[in-house]
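File shown here: query-v1.txt, holding compact mmCIF, C-alpha atoms.
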```txt
# COMPACT_ATOMS: atom_id res chain seq x y z
CA MET A 283 66.96 -27.73 -103.77
CA SER A 284 70.68 -27.38 -103.08
CA ALA A 285 71.93 -24.47 -101.00
CA LEU A 286 72.87 -21.38 -102.98
CA ASN A 287 76.63 -20.71 -102.85
CA LEU A 288 77.47 -17.31 -104.28
CA ASP A 289 81.20 -18.09 -104.16
CA ASP A 290 80.69 -20.37 -107.17
CA PHE A 291 80.18 -17.34 -109.42
CA ALA A 292 83.76 -16.17 -108.89
CA HIS A 293 84.94 -19.43 -110.49
CA LEU A 294 82.24 -19.72 -113.15
CA ILE A 295 82.49 -16.21 -114.60
CA GLU A 296 85.30 -15.59 -117.05
CA ARG A 297 86.19 -12.34 -118.74
CA PRO A 298 85.25 -11.78 -122.40
CA ASP A 299 87.88 -13.40 -124.61
CA GLY A 300 91.00 -11.21 -124.55
CA GLY A 301 92.53 -12.90 -127.58
CA VAL A 302 89.44 -12.24 -129.66
CA ARG A 303 89.42 -8.64 -128.48
CA ARG A 304 92.98 -8.21 -129.72
CA ASP A 305 91.95 -9.73 -133.05
CA ALA A 306 89.08 -7.23 -133.20
CA GLU A 307 91.48 -4.36 -132.49
CA GLU A 308 93.79 -5.54 -135.28
CA ARG A 309 90.89 -5.77 -137.69
CA ARG A 310 89.75 -2.28 -136.68
CA ALA A 311 93.20 -0.94 -137.55
CA ARG A 312 92.69 -2.20 -141.12
CA LEU A 313 89.34 -0.50 -141.71
CA ALA A 314 89.11 2.31 -144.21
CA VAL A 315 87.72 4.63 -141.51
CA PRO A 316 90.67 6.17 -139.64
CA PRO A 317 91.38 4.89 -136.09
CA GLY A 318 89.62 7.01 -133.51
CA ALA A 319 87.12 8.43 -135.98
CA LEU A 320 84.29 6.33 -134.53
CA GLY A 321 85.06 7.19 -130.91
CA ARG A 322 83.57 4.82 -128.33
CA LEU A 323 81.86 2.82 -131.06
CA ASP A 324 85.21 1.13 -131.70
CA GLU A 325 85.46 0.14 -128.04
CA LEU A 326 81.90 -1.18 -128.03
CA GLY A 327 82.49 -3.24 -131.17
CA GLU A 328 85.59 -4.81 -129.66
CA TRP A 329 83.74 -5.54 -126.41
CA LEU A 330 80.97 -7.29 -128.32
CA ALA A 331 83.45 -9.30 -130.38
CA ALA A 332 85.13 -10.52 -127.20
CA ALA A 333 81.75 -11.37 -125.68
CA GLN A 334 80.68 -13.27 -128.80
CA GLN A 335 84.14 -14.82 -129.26
CA GLN A 336 83.93 -13.89 -132.93
CA VAL A 337 85.68 -11.54 -135.39
CA PRO A 338 84.10 -9.84 -137.18
CA VAL A 339 81.38 -9.32 -134.63
CA ARG A 340 77.81 -10.44 -135.38
CA PRO A 341 75.26 -7.62 -135.64
CA ILE A 342 72.83 -7.37 -132.72
CA GLU A 343 69.67 -9.08 -133.96
CA ARG A 344 67.89 -10.37 -130.83
CA ALA A 345 68.06 -7.65 -128.19
CA ARG A 346 65.67 -8.05 -125.28
CA VAL A 347 64.42 -5.34 -122.93
CA LEU A 348 63.98 -6.85 -119.47
CA LEU A 349 62.20 -4.91 -116.70
CA PHE A 350 62.03 -6.33 -113.17
CA ALA A 351 59.08 -4.96 -111.19
CA GLY A 352 58.41 -4.61 -107.49
CA ASP A 353 56.94 -2.36 -104.82
CA HIS A 354 58.93 -1.33 -101.74
CA GLY A 355 57.44 -0.85 -98.30
CA VAL A 356 59.68 2.16 -97.65
CA ALA A 357 57.55 4.09 -100.15
CA GLU A 358 54.94 4.39 -97.38
CA LEU A 359 57.17 7.10 -95.87
CA GLY A 360 56.58 9.43 -98.82
CA VAL A 361 60.05 9.06 -100.32
CA SER A 362 58.78 8.97 -103.91
CA ALA A 363 56.73 11.28 -106.10
CA ARG A 364 54.62 8.25 -107.00
CA PRO A 365 52.11 6.77 -104.52
CA ALA A 366 53.14 3.74 -102.49
CA GLY A 367 52.01 0.58 -104.22
CA GLY A 368 51.88 2.29 -107.59
CA THR A 369 54.13 -0.10 -109.51
CA LYS A 370 51.11 -1.92 -110.95
CA ASP A 371 50.26 1.20 -112.96
CA LEU A 372 53.83 1.36 -114.31
CA VAL A 373 53.64 -2.29 -115.36
CA ARG A 374 50.28 -1.79 -117.01
CA ALA A 375 51.56 1.22 -118.98
CA VAL A 376 54.45 -0.87 -120.31
CA LEU A 377 52.18 -3.77 -121.23
CA ASP A 378 49.78 -1.38 -122.95
CA GLY A 379 52.63 0.11 -124.98
CA ALA A 380 52.10 3.54 -123.44
CA SER A 381 55.38 4.00 -121.52
CA PRO A 382 58.66 5.54 -122.77
CA ALA A 383 60.30 2.12 -122.55
CA ALA A 384 57.61 0.50 -124.68
CA VAL A 385 57.85 3.23 -127.32
CA LEU A 386 61.65 3.06 -127.49
CA ALA A 387 61.67 -0.75 -127.56
CA ARG A 388 59.30 -0.72 -130.56
CA GLY A 389 61.48 1.79 -132.34
CA ALA A 390 64.61 -0.29 -131.73
CA GLY A 391 62.95 -3.53 -132.78
CA ALA A 392 63.60 -5.09 -129.37
CA GLN A 393 61.25 -7.51 -127.62
CA LEU A 394 60.16 -6.32 -124.16
CA ARG A 395 59.59 -8.53 -121.13
CA VAL A 396 58.27 -7.55 -117.68
CA VAL A 397 58.95 -9.76 -114.65
CA ASP A 398 56.84 -9.16 -111.53
CA MET A 399 58.89 -10.01 -108.45
CA ALA A 400 56.97 -8.11 -105.76
CA VAL A 401 54.27 -5.88 -107.23
CA ASP A 402 51.71 -4.90 -104.58
CA CYS A 403 48.55 -6.13 -106.28
CA ASP A 404 46.53 -9.28 -106.75
CA PRO A 405 48.50 -11.41 -109.23
CA LYS A 406 45.29 -11.96 -111.19
CA GLU A 407 45.42 -8.29 -112.22
CA LEU A 408 48.46 -8.98 -114.41
CA PRO A 409 49.19 -11.62 -117.07
CA GLU A 410 50.46 -14.98 -115.84
CA GLU A 411 53.66 -14.72 -117.86
CA VAL A 412 54.44 -11.51 -115.93
CA THR A 413 53.70 -12.86 -112.44
CA ARG A 414 54.97 -16.44 -112.58
CA TYR A 415 58.23 -15.61 -110.75
CA ARG A 416 56.61 -13.41 -108.09
CA VAL A 417 58.11 -13.97 -104.63
CA ARG A 418 55.78 -11.85 -102.50
CA ARG A 419 53.39 -8.92 -102.60
CA GLY A 420 55.61 -5.89 -101.94
CA SER A 421 58.93 -5.90 -100.10
CA GLY A 422 59.36 -5.01 -96.43
CA ARG A 423 60.00 -1.49 -95.10
CA ILE A 424 63.77 -1.50 -94.98
CA ASP A 425 64.16 1.25 -92.37
CA VAL A 426 62.55 -0.95 -89.70
CA GLU A 427 62.49 -4.52 -91.08
CA ASP A 428 64.09 -6.79 -93.63
CA ALA A 429 62.87 -6.47 -97.19
CA LEU A 430 62.74 -10.27 -97.52
CA THR A 431 63.11 -13.42 -95.49
CA ALA A 432 66.15 -15.57 -96.21
CA GLU A 433 63.96 -18.02 -98.13
CA GLU A 434 62.40 -15.25 -100.21
CA ALA A 435 65.81 -13.78 -100.99
CA GLU A 436 67.09 -17.12 -102.26
CA ALA A 437 63.92 -17.64 -104.31
CA ALA A 438 64.26 -14.18 -105.90
CA PHE A 439 67.95 -14.69 -106.64
CA ARG A 440 67.27 -18.07 -108.23
CA ALA A 441 64.45 -16.52 -110.28
CA GLY A 442 66.90 -14.00 -111.70
CA MET A 443 69.30 -16.81 -112.56
CA ALA A 444 66.53 -18.80 -114.24
CA ILE A 445 65.51 -15.79 -116.35
CA ALA A 446 69.13 -15.29 -117.45
CA ASP A 447 69.21 -18.93 -118.55
CA GLU A 448 65.91 -18.55 -120.40
CA GLU A 449 67.18 -15.53 -122.32
CA ALA A 450 70.50 -17.18 -123.18
CA ASP A 451 68.75 -20.36 -124.32
CA ALA A 452 66.35 -18.30 -126.46
CA GLY A 453 69.28 -16.74 -128.34
CA THR A 454 69.08 -13.26 -126.81
CA ASP A 455 72.33 -11.55 -127.85
CA LEU A 456 72.01 -8.38 -125.74
CA VAL A 457 69.87 -7.49 -122.71
CA VAL A 458 68.66 -3.96 -121.99
CA LEU A 459 68.08 -4.06 -118.24
CA GLY A 460 65.71 -1.85 -116.25
CA ASP A 461 63.25 -1.80 -113.36
CA LEU A 462 59.71 -0.75 -112.56
CA SER A 463 59.33 0.22 -108.93
CA VAL A 464 58.10 2.71 -106.37
CA GLY A 465 60.68 3.12 -103.60
CA GLY A 466 63.32 1.22 -105.55
CA THR A 467 65.80 4.10 -105.68
CA THR A 468 65.70 4.30 -101.86
CA ALA A 469 66.61 0.63 -101.54
CA ALA A 470 69.26 0.96 -104.25
CA SER A 471 70.82 4.01 -102.61
CA THR A 472 70.97 2.15 -99.31
CA LEU A 473 72.87 -0.73 -100.90
CA ILE A 474 75.31 1.64 -102.60
CA ALA A 475 75.91 3.67 -99.45
CA ALA A 476 76.52 0.50 -97.46
CA LEU A 477 78.95 -0.99 -99.99
CA CYS A 478 80.79 2.29 -100.56
CA GLY A 479 80.97 3.16 -96.86
CA THR A 480 79.35 6.56 -97.23
CA ASP A 481 76.56 8.52 -95.54
CA ALA A 482 72.92 8.73 -96.56
CA SER A 483 73.11 12.39 -97.61
CA VAL A 484 75.83 11.58 -100.17
CA VAL A 485 73.69 9.09 -102.08
CA THR A 486 70.17 10.49 -101.70
CA GLY A 487 68.81 11.71 -105.02
CA ARG A 488 65.49 13.00 -106.31
CA GLY A 489 64.31 9.78 -107.96
CA GLY A 490 62.89 9.13 -111.42
CA ALA A 491 59.89 11.41 -110.82
CA PRO A 492 61.67 14.26 -109.01
CA ILE A 493 60.69 14.85 -105.38
CA ASP A 494 60.56 18.11 -103.43
CA ASP A 495 62.84 19.07 -100.55
CA LEU A 496 60.61 17.63 -97.81
CA ALA A 497 60.37 14.29 -99.58
CA TRP A 498 64.15 14.37 -100.10
CA MET A 499 64.64 14.77 -96.34
CA ARG A 500 62.28 11.87 -95.65
CA LYS A 501 64.17 9.76 -98.19
CA CYS A 502 67.51 10.68 -96.65
CA ALA A 503 66.25 9.73 -93.18
CA ALA A 504 64.89 6.42 -94.47
CA ILE A 505 68.24 5.57 -96.09
CA ARG A 506 70.06 6.55 -92.87
CA ASP A 507 67.88 4.19 -90.82
CA ALA A 508 68.14 1.43 -93.41
CA LEU A 509 71.93 1.74 -93.38
CA ARG A 510 72.00 0.91 -89.68
CA ARG A 511 70.38 -2.40 -90.54
CA ALA A 512 72.48 -3.03 -93.65
CA ARG A 513 75.98 -2.53 -92.27
CA PRO A 514 76.01 -5.57 -89.93
CA VAL A 515 75.39 -7.95 -92.89
CA LEU A 516 77.83 -6.46 -95.40
CA GLY A 517 79.88 -9.65 -95.42
CA ASP A 518 77.07 -11.71 -96.97
CA GLN A 519 75.62 -10.33 -100.20
CA LEU A 520 72.44 -12.42 -100.06
CA GLU A 521 71.76 -11.31 -96.49
CA LEU A 522 72.40 -7.72 -97.55
CA LEU A 523 69.85 -8.00 -100.36
CA ALA A 524 67.35 -9.58 -97.99
CA ALA A 525 67.83 -6.81 -95.43
CA SER A 526 67.93 -3.79 -97.72
CA GLY A 527 67.18 -4.72 -101.33
CA GLY A 528 63.85 -6.34 -102.12
CA ALA A 529 62.71 -9.10 -104.43
CA ASP A 530 63.25 -7.11 -107.63
CA LEU A 531 66.79 -5.98 -106.73
CA THR A 532 67.71 -9.47 -105.56
CA ALA A 533 66.45 -10.99 -108.81
CA ILE A 534 68.36 -8.42 -110.87
CA THR A 535 71.57 -9.31 -109.02
CA GLY A 536 71.05 -13.00 -109.72
CA PHE A 537 70.25 -12.19 -113.32
CA LEU A 538 73.42 -10.13 -113.80
CA LEU A 539 75.66 -12.83 -112.39
CA GLN A 540 74.09 -15.69 -114.32
CA SER A 541 74.10 -13.61 -117.52
CA ALA A 542 77.85 -13.23 -117.08
CA VAL A 543 78.14 -16.99 -116.63
CA ARG A 544 76.17 -17.45 -119.87
CA ARG A 545 78.25 -14.79 -121.67
CA THR A 546 75.27 -12.51 -122.35
CA PRO A 547 76.19 -8.79 -122.54
CA VAL A 548 73.96 -6.35 -120.66
CA ILE A 549 73.25 -2.61 -120.85
CA LEU A 550 72.57 -1.22 -117.36
CA ASP A 551 69.97 1.49 -116.83
CA GLY A 552 69.83 3.69 -113.73
CA VAL A 553 70.56 3.62 -110.03
CA VAL A 554 68.71 0.35 -109.36
CA SER A 555 70.65 -1.71 -111.89
CA ALA A 556 73.86 0.07 -110.81
CA ALA A 557 73.23 -0.97 -107.19
CA CYS A 558 72.64 -4.57 -108.20
CA ALA A 559 75.77 -4.47 -110.36
CA LEU A 560 77.76 -3.24 -107.37
CA VAL A 561 76.50 -6.13 -105.23
CA ALA A 562 77.25 -8.55 -108.07
CA GLN A 563 80.78 -7.19 -108.37
CA ARG A 564 81.33 -8.07 -104.71
CA VAL A 565 80.31 -11.63 -105.56
CA ALA A 566 82.42 -12.01 -108.73
CA PHE A 567 84.97 -9.36 -109.66
CA ARG A 568 85.03 -10.33 -113.36
CA ALA A 569 81.27 -9.89 -113.84
CA PRO A 570 81.35 -6.13 -114.72
CA ASP A 571 83.30 -6.92 -117.88
CA TRP A 572 79.98 -8.16 -119.33
CA TRP A 573 78.12 -4.88 -118.77
CA VAL A 574 78.04 -1.34 -120.12
CA ALA A 575 76.29 1.60 -118.45
CA GLY A 576 73.62 3.11 -120.68
CA GLN A 577 73.38 6.62 -119.34
CA ALA A 578 74.08 8.85 -116.35
CA SER A 579 70.73 9.34 -114.64
CA GLY A 580 71.83 12.23 -112.41
CA GLU A 581 71.34 10.13 -109.27
CA PRO A 582 74.37 10.60 -106.99
CA ALA A 583 74.19 6.98 -105.88
CA GLN A 584 74.40 5.76 -109.48
CA ALA A 585 77.48 7.90 -110.13
CA LYS A 586 79.17 6.51 -107.01
CA ALA A 587 78.35 2.90 -107.91
CA LEU A 588 79.52 3.21 -111.52
CA ASP A 589 82.73 4.87 -110.39
CA ARG A 590 83.37 1.96 -108.02
CA ILE A 591 82.64 -0.56 -110.79
CA ALA A 592 84.70 1.49 -113.30
CA LEU A 593 81.91 1.83 -115.88
CA ASN A 594 81.63 5.04 -117.90
CA PRO A 595 78.05 5.79 -119.09
CA LEU A 596 77.54 5.95 -122.83
CA LEU A 597 75.08 8.87 -122.64
CA ASP A 598 74.31 11.82 -120.39
CA HIS A 599 71.11 13.48 -121.58
CA GLY A 600 69.48 14.23 -118.21
CA VAL A 601 66.78 11.60 -118.71
CA THR A 602 65.30 10.66 -115.33
CA ALA A 603 62.30 8.59 -116.47
CA GLY A 604 63.86 5.32 -115.32
CA GLU A 605 62.05 2.12 -116.35
CA GLY A 606 64.91 1.11 -118.65
CA THR A 607 64.66 4.31 -120.69
CA GLY A 608 68.32 5.30 -120.29
CA ALA A 609 69.56 1.87 -121.28
CA LEU A 610 67.19 1.84 -124.26
CA LEU A 611 68.54 5.17 -125.47
CA ALA A 612 72.00 3.57 -125.53
CA LEU A 613 70.81 0.49 -127.42
CA PRO A 614 71.09 2.09 -130.90
CA LEU A 615 74.70 3.03 -130.10
CA VAL A 616 75.57 -0.56 -129.28
CA GLN A 617 73.69 -1.79 -132.34
CA ALA A 618 75.53 0.74 -134.49
CA ALA A 619 78.89 -0.31 -133.05
CA ALA A 620 78.18 -3.95 -133.91
CA ALA A 621 76.96 -3.12 -137.42
CA LEU A 622 79.99 -0.96 -138.20
CA ALA A 623 82.44 -3.54 -136.87
CA ALA A 624 80.69 -6.28 -138.83
CA GLU A 625 80.12 -4.56 -142.15
CA LEU A 626 82.78 -1.94 -142.81
CA PRO A 627 85.30 -3.22 -145.37
CA VAL A 628 88.94 -3.73 -144.45
CA ARG A 629 91.87 -2.46 -146.53
CA ASP A 630 93.97 -4.96 -148.44
```

Could you spell out this file's structure in structure tokens?
Amino acid sequence: MSALNLDDFAHLIERPDGGVRRDAEERRARLAVPPGALGRLDELGEWLAAAQQQVPVRPIERARVLLFAGDHGVAELGVSARPAGGTKDLVRAVLDGASPAAVLARGAGAQLRVVDMAVDCDPKELPEEVTRYRVRRGSGRIDVEDALTAEEAEAAFRAGMAIADEEADAGTDLVVLGDLSVGGTTAASTLIAALCGTDASVVTGRGGAPIDDLAWMRKCAAIRDALRRARPVLGDQLELLAASGGADLTAITGFLLQSAVRRTPVILDGVVSAACALVAQRVAFRAPDWWVAGQASGEPAQAKALDRIALNPLLDHGVTAGEGTGALLALPLVQAAAALAAELPVRD
């Protein structure tokens, strides 16, 4: 296996076609609906046209919900409202169709896929198609040790790339990205604080299942300690993910970059996908042009990351469930934007 060179992404990733976007803007000006009357739906339709390199845009017909799953050793410190090692239950709820993400995916007509990267359970407890990319059982406790070895980080990153290729080859025309994790927001907040050069208290939020003040203080202390280990490796994004991310976050970063290479648009969910997007932006500055932010989760770290990436969330409904829920709520908006751009008649 050849060595992984992240610098290649800066050359491989191109922006969505600017000429096609201008054509889409000109076509929009000729629609019977007055300019500006559809708000951000116009912008979304033009973004999709540029991504597809086609005017009028094709309606979204093969959206895929993709949830990367993993446990984080830092959860042992009581930084989450969920028990450490509890990601298996989140995965099972999705597979059983009993989670918010599963319900919303059914309603939107989107296929849902779960990828186990580091769930802390026997792999036999989950279906083989879920576990086949697993790198390890749980990620390391980032306040005192690396989340991954260098070899595990490369394997997780390559897994994310391979999944992006699988989705592109299968004809997926839009990915709704999310995560299933316990302790994942702590790892994500550490990455964001390190890349934005800020303190732990600025990025520490309450998580998807809100925590009390004592747990918040434990989480803040864990991020502070993890930052001391993250800052020396800021110059190498793969080392940073190995030190402070985890297998799921590393795979998401690889997925985001390779999806941009394959010209697959992505809706980001909460703080975890925002953290991975921020790392990916450091690798290839054009990559964020292939993403939209689904919703503002209320996590301070997510707001800081999206501001740095210059992405404005489509929704702000105070939904903190995580697990791809925020991105799924934005999916109908993107679908509507594509349908309107594709089907509204133009004036002679």

So how far away is CA of Leu588 (chain A) from CA of Gly536 (chain A), in Å?
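Atom-to-atom, CA of Gly536 (chain A) and CA of Leu588 (chain A) are spaced 18.4 Å apart.
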
I'd like to know which of A:Asp299, A:Glu328, A:Glu625, A:Asp530 is closest to Ala435 (chain A), using all atoms listed in the file.
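Checking each candidate against Ala435 (chain A), we get A:Asp530 as the closest.
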
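Across the model, the gap from CA of Gly368 (chain A) to CA of Arg423 (chain A) is 15.4 Å.
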
Region 345-422 of chain A near region 465-472 of chain A within 8 Å: what's each residue's closest atom pair and its distance in Å to one decimal, counting all atoms listed in the file, ordered by chain then ascending residue number, as JSON lines?
```
{"residue": "A:Gly352", "atom": "CA", "partner": "A:Gly466", "partner_atom": "CA", "distance": 7.9}
{"residue": "A:Asp353", "atom": "CA", "partner": "A:Gly465", "partner_atom": "CA", "distance": 6.7}
{"residue": "A:His354", "atom": "CA", "partner": "A:Gly465", "partner_atom": "CA", "distance": 5.1}
{"residue": "A:Gly355", "atom": "CA", "partner": "A:Gly465", "partner_atom": "CA", "distance": 7.4}
{"residue": "A:Val356", "atom": "CA", "partner": "A:Gly465", "partner_atom": "CA", "distance": 6.1}
{"residue": "A:Ala357", "atom": "CA", "partner": "A:Gly465", "partner_atom": "CA", "distance": 4.8}
{"residue": "A:Val361", "atom": "CA", "partner": "A:Gly465", "partner_atom": "CA", "distance": 6.8}
{"residue": "A:Ser362", "atom": "CA", "partner": "A:Gly465", "partner_atom": "CA", "distance": 6.2}
{"residue": "A:Ala366", "atom": "CA", "partner": "A:Gly465", "partner_atom": "CA", "distance": 7.6}
```

Around all listed atoms of region 371-378 of chain A, padded 6 Å per side, what centre and edge lengths does the axis-aligned box have in Å to one decimal, as lines of an AutoDock Vina configuration file?
```
center_x = 52.1
center_y = -1.2
center_z = -118.0
size_x = 16.7
size_y = 17.1
size_z = 22.0
```

Find the distance between CA of Ala524 (chain A) and CA of Phe350 (chain A) and write it in Å to one decimal.
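One can read the CA of Ala524 (chain A) to CA of Phe350 (chain A) distance as 16.4 Å.
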
Show which residues sit within 7 Å of region 540-543 of chain A, as a PyMOL selection string. Count all atoms listed in the file, and ignore same-chain residues fewer than 3 positions away.
chain A and resi 294-295+443+446+536-537+546+569+572
